[in-house]
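I have placed the structure first, in the form of structure tokens, so that the comments after it can refer back to it.
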Amino acid sequence: MPSSGKLAEILTKHSFEVEEVKRVGKDWVLDIDVLPNRACDCFSHIGIAREVAVLTSSKFQIPNSKLKENKNLKAKDFVGVEIKNKEDCSRYTAKVVLGVKVKSSPKWIQERLKACGLQPINNIVDITNYVMLETGQPIHAFDFDKIKSENSKFQKKKIIVRRAKKGEKIAALDDKTYTLDEDILVIADAREPIAIAGIKGGESTGIDSETKNIVIEAANFNPRVIRKTSRKLKLRTDASWRFENGVDPNLIDFTQKRVCSLIQEIAGGKVAQGMVDFYPKKVRPKKIKLDLKYVERLLGVRIPKEKIIKILKNLGFKVARQSIKPSTHHLLIEVPTRRLDISIQEDLIEEIGRIAGFQNIPSIFPQASLIPPERNEEIFWQRNCQDILKEQGFTEVYNYSFIGEKEKEIFGWQDTEVLELANPISSFNKYLRPSLIPNLLRDVKENLKFFDEIKIFEIGKIFRKCQMSNVKCQILEKKMLGGVLTGKRIGDEGFYELKGIVDLLLNKLGISNVWYDDYQQTPEESHLEIWHPRKSAEIKTDGQELGFLGEIHPKILEELEIVEKVFVFDFNFEKLKKLASEEHEYQPISIHPAAVRDLAVLVPLRTKTVEVLNVINAAGGKLVRDVDLFDVYSGEGIPEGKENLAFHIIYQAEDRTLTSKEIDEVHQRIIKALEENPEWEVRK
Amino acid sequence: MNLKEIKIKAKNEIVKARSLKELNEIYKKYLGKKREITRIFSSLKKLSEGERKKLGKEANLVKREVEEMIKEKSKQLQEKLRKQKIEKEKIDVTRPGKKLEVGHLHPLTHVQREVLEIFQSMGFSVVLGPELETEWYNFDALNIPKDHPARDMWDTFWLQPESQMSNVKSQKFLLRTHTSPVQIRYMEKHNPPLRIVVPGRCFRHEATDASHEIQFYQLEGLMVDENVSAANFRAVIEEFLRRFFKTPIEIRLRPSYFPFTEPSFEVDVRREKEKWIEMMGAGMVHPKVFEAAGLNPKEWQGFAFGVGLDRLAMLRYKINDIRLFYSGDLRFLNQF
């Protein structure tokens, strides 16, 4: 036997990860992470011993159990068994031992149980636990005399394996009482449940210091039923854990012999002959055809046929036939029933590979056709947006995909709009986020403690439930691009600063014909108050709505206790992606100089700049290169109810230098056009 | 005074001049109106032609010499002034530079870009999938049946049942626990040969601590063809890890278990002189997965792997707390 450290290494390399090696007295304890697929044979010391034997090329020897049965006592005279549904229980066995002396177990059993985290109780219970750890087959012992029969006269006891009736109760060995129902499988006597099958025994038939006669149960239960019950009752035991993963019914024969032999040796008593055995459908070993060429193809390395056969034989597999027609590279393998995890060729290949050592798999580059991958459009445009915003000084954040009860209330989303988790960690992540904004605002609040100015953005998914008039509700998952600008320096004018950034973003994405419309809430959205209704815009192009830009509603800022005004843009990223284009046309630089003329217009307050701009551009035509609003003034010197818009108009032609006369003409034309509006006055 | 005397006197004064102003005074004194040298020119009319010529010539010479000297001196003085000015302008180079406000990409973005680039250069296409998945794609199609202990390997966030009205008949919805469902989604619509990587956000119902979060990023890899083997996987993943860590590395494959791969591996990595670290799970695609995707397992074989991008980022930047990635804390994010 190699040292414990070396053993841990070998097991990790070829079988399971050994997480810890601990010294306990003169002994060593290995904490082995056996994964679900090998629970069937390796949630047991014998299973691990077999593995170690294969890996160290040692001989595996199953523990010897000499059992002396009493020919005058027959188990079937004492106990009868009835299984109501064989789907629930594929095998049930009972052996009987009479005249035992219950006391503490010998030291060696107690020590081993403790090393494995189990508490010693008494010799009978301890032996059943010991053998379970040894073989992987759970065992339960009942006090024979406490099992109730139909009438009190000494009679053969009947054990029934059935579903519980709704409302039936059982006081279990853990001092708790469980209420049962028809989903739960129980072991019952004539009167009541005496055990929750495969999980926990009942108090009424528990082994105590007075017990003289016992029934040893070793059975096999349906993993699904055990798992369901275990979750329902929130009761997880060493037994239930093994049954959930599936146990080989054929383990029972050796196990029963072993238990009874130990009981006889340690607690005395007479073992009745025979075993009550309900086993309608005996599980037989599987046969799998193994293609040796496939072994090589899948692993990428050739393992010689003799080595493969040796590995499989060492693991306890039988090579039923060394070659099957039509070729010599097929083997027929018989799989021992304890290996519930082996059912297809690939399972065998894993066995061969791991025992031979995965380290022997070489590094060979695949041969594949040289077709370059297609560009992923979403990733491409996402990258662009990220880079453009980063250039503008924005920092990217990744927030949680959830919001809590609090945010839902503050923002006003209704139950019909948000998707709720069935099992949130807490009320903090009860819902899937229907917008990026709540968490972005949370970021703002936290960061304002340390920074005067905050420019952040996020690209991420949001989730909504949407009610479409007569169509059934749909679950929506949408990728959004959201950004925030706020801070002392920004103050109240953040809208225009953010608008400049948005213009730049859309421009660089190649999206043109964008215009900003006043934010108008639809009736369906009237319960939400996210945007400041007078300081927000809908961003549109070609009849589509791309997103929003605006100031966050003061009510929300108040609730969230954010002192600065916060400006946000929120885009439907999928729409951006569809409209984005890489086309850029070079604009020739004119060699002819430009001339600037200023123009001031007095307009009523609340006039939209875009209207004035439209008139100027329409009247000015081609010769107007650019119109720049540089001042908006109202107050002293300006009549009440009006404001003064001041523009730089830049005149330039591509093909000639404009004369003063030409410029004057256009300029007059513009003035005339503006003054056609009776409310507007061009200031001279 | 004769020219010689004027010249010497002027020269002396010029040499002694200490400022441009003084020099200007000297200029005016000798070459200004009605002054020394100019006077000599005016006096020329009194002389005979021969003498006029002679004196005129001399005077011009002196004039030019004085002008030259003044010019030279002027240059020197200017040079001196300039040097003085330069000296005065000395700055403290150790003072902190002006801070520029720049933007930052999230560290996970940096890592994802790098990882994708490595795989794209090996011919892998990038594919994306939904974060909100159906139970079928996330579990059943991947050979993880209901009521099976294997499901315990993934703690799942389930959507409230009433929340679902169906786009699809009676499906349970959840937040995907891994990016593996996209293997099925992709293979349903594309025939092999194929090689893809799938980056994406995943979710686990877990208690959060320095190494566990309820959301994280995973990268799935899948390569399928007629003869793709575990040896191919080894080569591809060694290449990826070598390029990502930018240093020679060793890997080891040891047995593991995933319902959707058989054989299954755990891949550990070791950088020079360091300890082995657990890197990712992987394996050969299970025949049941091919079947679920509508492919014939007898015709195709492939490998699949899943690596945590958060983990890679934590190794790369030596970050010790995964929760920092989702904290939105600019003191952290502005470092990248």
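Following the order of the structure tokens, first chain is A, next is B, and so on, with residues numbered from 1 inside each chain and ligands from 1 in the order they appear.
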
Point to revise | Residues of chain B within 7 Å of chain A, only C-alpha atoms counted, as a ChimeraX atom specification | key: /B:101-106,120,123-126,147,149-150,157-160,163,165-167,227-232,234-236,252-255,257,262-263,325-330

Write a file of the selected residues as a PDB file, in the first residue's frame, keeping C-alpha atoms.
ATOM      1  CA  GLU B 101     -10.098  61.973 -17.322  1.00  0.00           C
ATOM      2  CA  VAL B 102     -10.253  58.916 -19.501  1.00  0.00           C
ATOM      3  CA  GLY B 103     -12.788  56.179 -19.840  1.00  0.00           C
ATOM      4  CA  HIS B 104     -12.299  52.534 -18.896  1.00  0.00           C
ATOM      5  CA  LEU B 105     -13.545  49.219 -20.097  1.00  0.00           C
ATOM      6  CA  HIS B 106     -14.543  46.618 -17.562  1.00  0.00           C
ATOM      7  CA  GLN B 120     -10.923  33.344 -33.380  1.00  0.00           C
ATOM      8  CA  GLY B 123     -10.807  29.501 -36.487  1.00  0.00           C
ATOM      9  CA  PHE B 124     -13.509  29.397 -33.814  1.00  0.00           C
ATOM     10  CA  SER B 125     -16.669  31.402 -34.484  1.00  0.00           C
ATOM     11  CA  VAL B 126     -18.242  33.374 -31.676  1.00  0.00           C
ATOM     12  CA  ASP B 147     -35.102  14.105 -10.398  1.00  0.00           C
ATOM     13  CA  PRO B 149     -28.770  13.840  -8.400  1.00  0.00           C
ATOM     14  CA  ALA B 150     -26.605  15.209 -11.214  1.00  0.00           C
ATOM     15  CA  PHE B 157     -32.570  30.230 -10.267  1.00  0.00           C
ATOM     16  CA  TRP B 158     -36.039  29.269 -11.468  1.00  0.00           C
ATOM     17  CA  LEU B 159     -38.609  31.680 -12.793  1.00  0.00           C
ATOM     18  CA  GLN B 160     -41.884  31.903 -10.919  1.00  0.00           C
ATOM     19  CA  SER B 163     -44.830  34.405 -14.638  1.00  0.00           C
ATOM     20  CA  MET B 165     -47.361  32.460 -20.185  1.00  0.00           C
ATOM     21  CA  SER B 166     -45.918  30.450 -22.975  1.00  0.00           C
ATOM     22  CA  ASN B 167     -44.168  31.249 -26.104  1.00  0.00           C
ATOM     23  CA  ASN B 227     -12.372  12.557 -36.011  1.00  0.00           C
ATOM     24  CA  VAL B 228     -11.987  15.217 -33.339  1.00  0.00           C
ATOM     25  CA  SER B 229     -10.280  13.540 -30.393  1.00  0.00           C
ATOM     26  CA  ALA B 230      -9.184  14.236 -26.844  1.00  0.00           C
ATOM     27  CA  ALA B 231      -5.679  14.744 -28.205  1.00  0.00           C
ATOM     28  CA  ASN B 232      -7.013  17.575 -30.361  1.00  0.00           C
ATOM     29  CA  ARG B 234      -5.318  18.928 -25.462  1.00  0.00           C
ATOM     30  CA  ALA B 235      -3.497  20.755 -28.232  1.00  0.00           C
ATOM     31  CA  VAL B 236      -6.119  23.474 -28.587  1.00  0.00           C
ATOM     32  CA  ARG B 252      -2.807  17.923 -16.709  1.00  0.00           C
ATOM     33  CA  LEU B 253      -6.029  16.133 -17.452  1.00  0.00           C
ATOM     34  CA  ARG B 254      -7.675  14.146 -14.727  1.00  0.00           C
ATOM     35  CA  PRO B 255     -10.969  12.266 -14.613  1.00  0.00           C
ATOM     36  CA  TYR B 257     -17.867  13.806 -14.445  1.00  0.00           C
ATOM     37  CA  GLU B 262     -17.899  11.123 -21.717  1.00  0.00           C
ATOM     38  CA  PRO B 263     -14.985  10.854 -20.989  1.00  0.00           C
ATOM     39  CA  PHE B 325     -16.700  42.767 -10.801  1.00  0.00           C
ATOM     40  CA  TYR B 326     -20.354  43.557 -10.178  1.00  0.00           C
ATOM     41  CA  SER B 327     -19.949  46.220  -7.518  1.00  0.00           C
ATOM     42  CA  GLY B 328     -19.995  49.170  -9.920  1.00  0.00           C
ATOM     43  CA  ASP B 329     -17.260  50.682  -7.770  1.00  0.00           C
ATOM     44  CA  LEU B 330     -15.325  53.203  -9.850  1.00  0.00           C
TER      45      LEU B 330
END

Spatial neighbours of segment 501-509 of chain A, 9 Å, only C-alpha atoms, chain gap at least 3 places, as a compact mmCIF listing (two decimals) with N, CA and C atoms, in the first residue's frame:
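out32.txt was written with the following content:
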# COMPACT_ATOMS: atom_id res chain seq x y z
N TRP A 381 -20.50 45.27 -33.09
CA TRP A 381 -21.08 46.58 -32.78
C TRP A 381 -21.01 46.88 -31.30
N ASN A 384 -17.70 48.32 -30.73
CA ASN A 384 -17.66 49.71 -31.18
C ASN A 384 -18.27 50.64 -30.17
N CYS A 385 -19.46 50.29 -29.68
CA CYS A 385 -20.11 51.15 -28.68
C CYS A 385 -19.23 51.30 -27.46
N ILE A 388 -16.29 53.62 -28.35
CA ILE A 388 -16.70 55.01 -28.54
C ILE A 388 -16.98 55.67 -27.21
N LEU A 389 -17.69 55.00 -26.34
CA LEU A 389 -18.01 55.61 -25.05
C LEU A 389 -16.78 55.74 -24.16
N GLN A 392 -15.03 58.75 -24.88
CA GLN A 392 -15.67 59.94 -24.34
C GLN A 392 -15.49 60.05 -22.84
N TYR A 496 -27.78 68.58 -22.48
CA TYR A 496 -27.13 68.91 -23.74
C TYR A 496 -25.75 68.31 -23.85
N GLU A 497 -25.09 68.21 -22.73
CA GLU A 497 -23.78 67.56 -22.77
C GLU A 497 -23.94 66.09 -23.16
N LEU A 498 -24.91 65.44 -22.58
CA LEU A 498 -25.14 64.03 -22.91
C LEU A 498 -25.64 63.89 -24.34
N SER A 512 -27.82 57.62 -39.32
CA SER A 512 -28.11 59.00 -39.68
C SER A 512 -29.60 59.30 -39.55
N VAL A 514 -31.18 61.07 -37.43
CA VAL A 514 -31.68 60.91 -36.07
C VAL A 514 -32.32 62.21 -35.63
N LEU A 549 -33.41 59.79 -23.96
CA LEU A 549 -32.34 60.60 -23.38
C LEU A 549 -33.02 61.62 -22.50
N PHE A 569 -29.01 58.09 -20.86
CA PHE A 569 -29.51 57.66 -22.16
C PHE A 569 -29.73 56.15 -22.08
N LEU A 576 -29.98 49.46 -32.55
CA LEU A 576 -28.74 50.15 -32.95
C LEU A 576 -27.95 49.24 -33.87
N LYS A 577 -27.87 47.98 -33.48
CA LYS A 577 -27.09 47.02 -34.25
C LYS A 577 -27.62 46.89 -35.67
N LEU A 579 -29.29 49.08 -37.40
CA LEU A 579 -29.14 50.27 -38.23
C LEU A 579 -27.71 50.69 -38.43
N ALA A 580 -26.82 50.16 -37.62
CA ALA A 580 -25.43 50.61 -37.68
C ALA A 580 -24.80 50.22 -39.02
N SER A 581 -23.93 51.08 -39.46
CA SER A 581 -23.31 50.80 -40.75
C SER A 581 -21.88 51.29 -40.73
N GLU A 582 -21.02 50.61 -41.47
CA GLU A 582 -19.62 51.00 -41.50
C GLU A 582 -19.33 51.98 -42.61

Exercise for review: as a ChimeraX atom specification, list the residues of segment 193-306 of chain A assigned to helix (DSSP H, G or I) by DSSP on the backbone atoms of this structure.
Suggested key: /A:203-205,223-233,238-245,251-267,292-299,305-306

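One finds atom CA of Arg339 of chain A at 12.3 Å from atom CA of Leu312 of chain A.
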
Selection: 9 Å around Glu238 of chain B, only C-alpha atoms, excl. self and same-chain fewer than 5 positions, as an mmCIF file with N, CA and C atoms, in the first residue's frame:
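Writing done, so here's result.cif:
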data_model
loop_
_atom_site.group_PDB
_atom_site.id
_atom_site.type_symbol
_atom_site.label_atom_id
_atom_site.label_comp_id
_atom_site.auth_asym_id
_atom_site.auth_seq_id
_atom_site.Cartn_x
_atom_site.Cartn_y
_atom_site.Cartn_z
ATOM 1 N N SER A 363 -0.660 15.777 -27.427
ATOM 2 C CA SER A 363 -1.186 17.041 -27.921
ATOM 3 C C SER A 363 -1.098 17.008 -29.434
ATOM 4 N N PHE B 233 -8.215 18.174 -28.349
ATOM 5 C CA PHE B 233 -8.604 19.077 -27.274
ATOM 6 C C PHE B 233 -7.369 19.541 -26.525
ATOM 7 N N ARG B 243 -1.081 31.086 -24.699
ATOM 8 C CA ARG B 243 -1.196 32.452 -25.204
ATOM 9 C C ARG B 243 -1.827 33.379 -24.193
ATOM 10 N N ILE B 249 3.454 26.922 -20.050
ATOM 11 C CA ILE B 249 2.582 26.286 -19.068
ATOM 12 C C ILE B 249 2.554 24.788 -19.270
ATOM 13 N N GLU B 250 2.109 24.127 -18.212
ATOM 14 C CA GLU B 250 1.939 22.670 -18.254
ATOM 15 C C GLU B 250 0.482 22.442 -17.938
ATOM 16 N N ILE B 251 -0.150 21.465 -18.577
ATOM 17 C CA ILE B 251 -1.501 21.149 -18.145
ATOM 18 C C ILE B 251 -1.581 19.678 -17.777
#

Practice item. Please provide the set of residues having any atom within 12 Å of segment 43-57 of chain B, restricted to only C-alpha atoms, with same-chain residues fewer than 6 positions apart removed, written as a ChimeraX atom specification. Key: /B:2-4,34-37,63-64

Can you spit out the residues from that selection as a compact mmCIF listing (two decimals), in the first residue's frame, using C-alpha atoms?
# COMPACT_ATOMS: atom_id res chain seq x y z
CA ASN B 2 38.43 112.41 -35.12
CA LEU B 3 37.10 109.18 -36.50
CA LYS B 4 39.67 107.05 -34.81
CA LYS B 34 23.42 115.54 -35.41
CA ARG B 35 25.52 113.21 -33.36
CA GLU B 36 29.12 112.26 -33.53
CA ILE B 37 29.38 110.20 -36.67
CA LYS B 63 29.91 103.95 -39.40
CA ARG B 64 29.63 100.42 -40.60

Practice item. Taking the chain letters and numbering used in this document, name the residues of segment 107-304 of chain A that DSSP puts in strand (DSSP E or B), as a VMD selection string. Key: chain A and resid 139 to 143 157 to 163 169 to 172 177 to 179 185 to 188 193 to 196 200 to 202 214 to 221 270 to 273 276 to 278 286 to 291
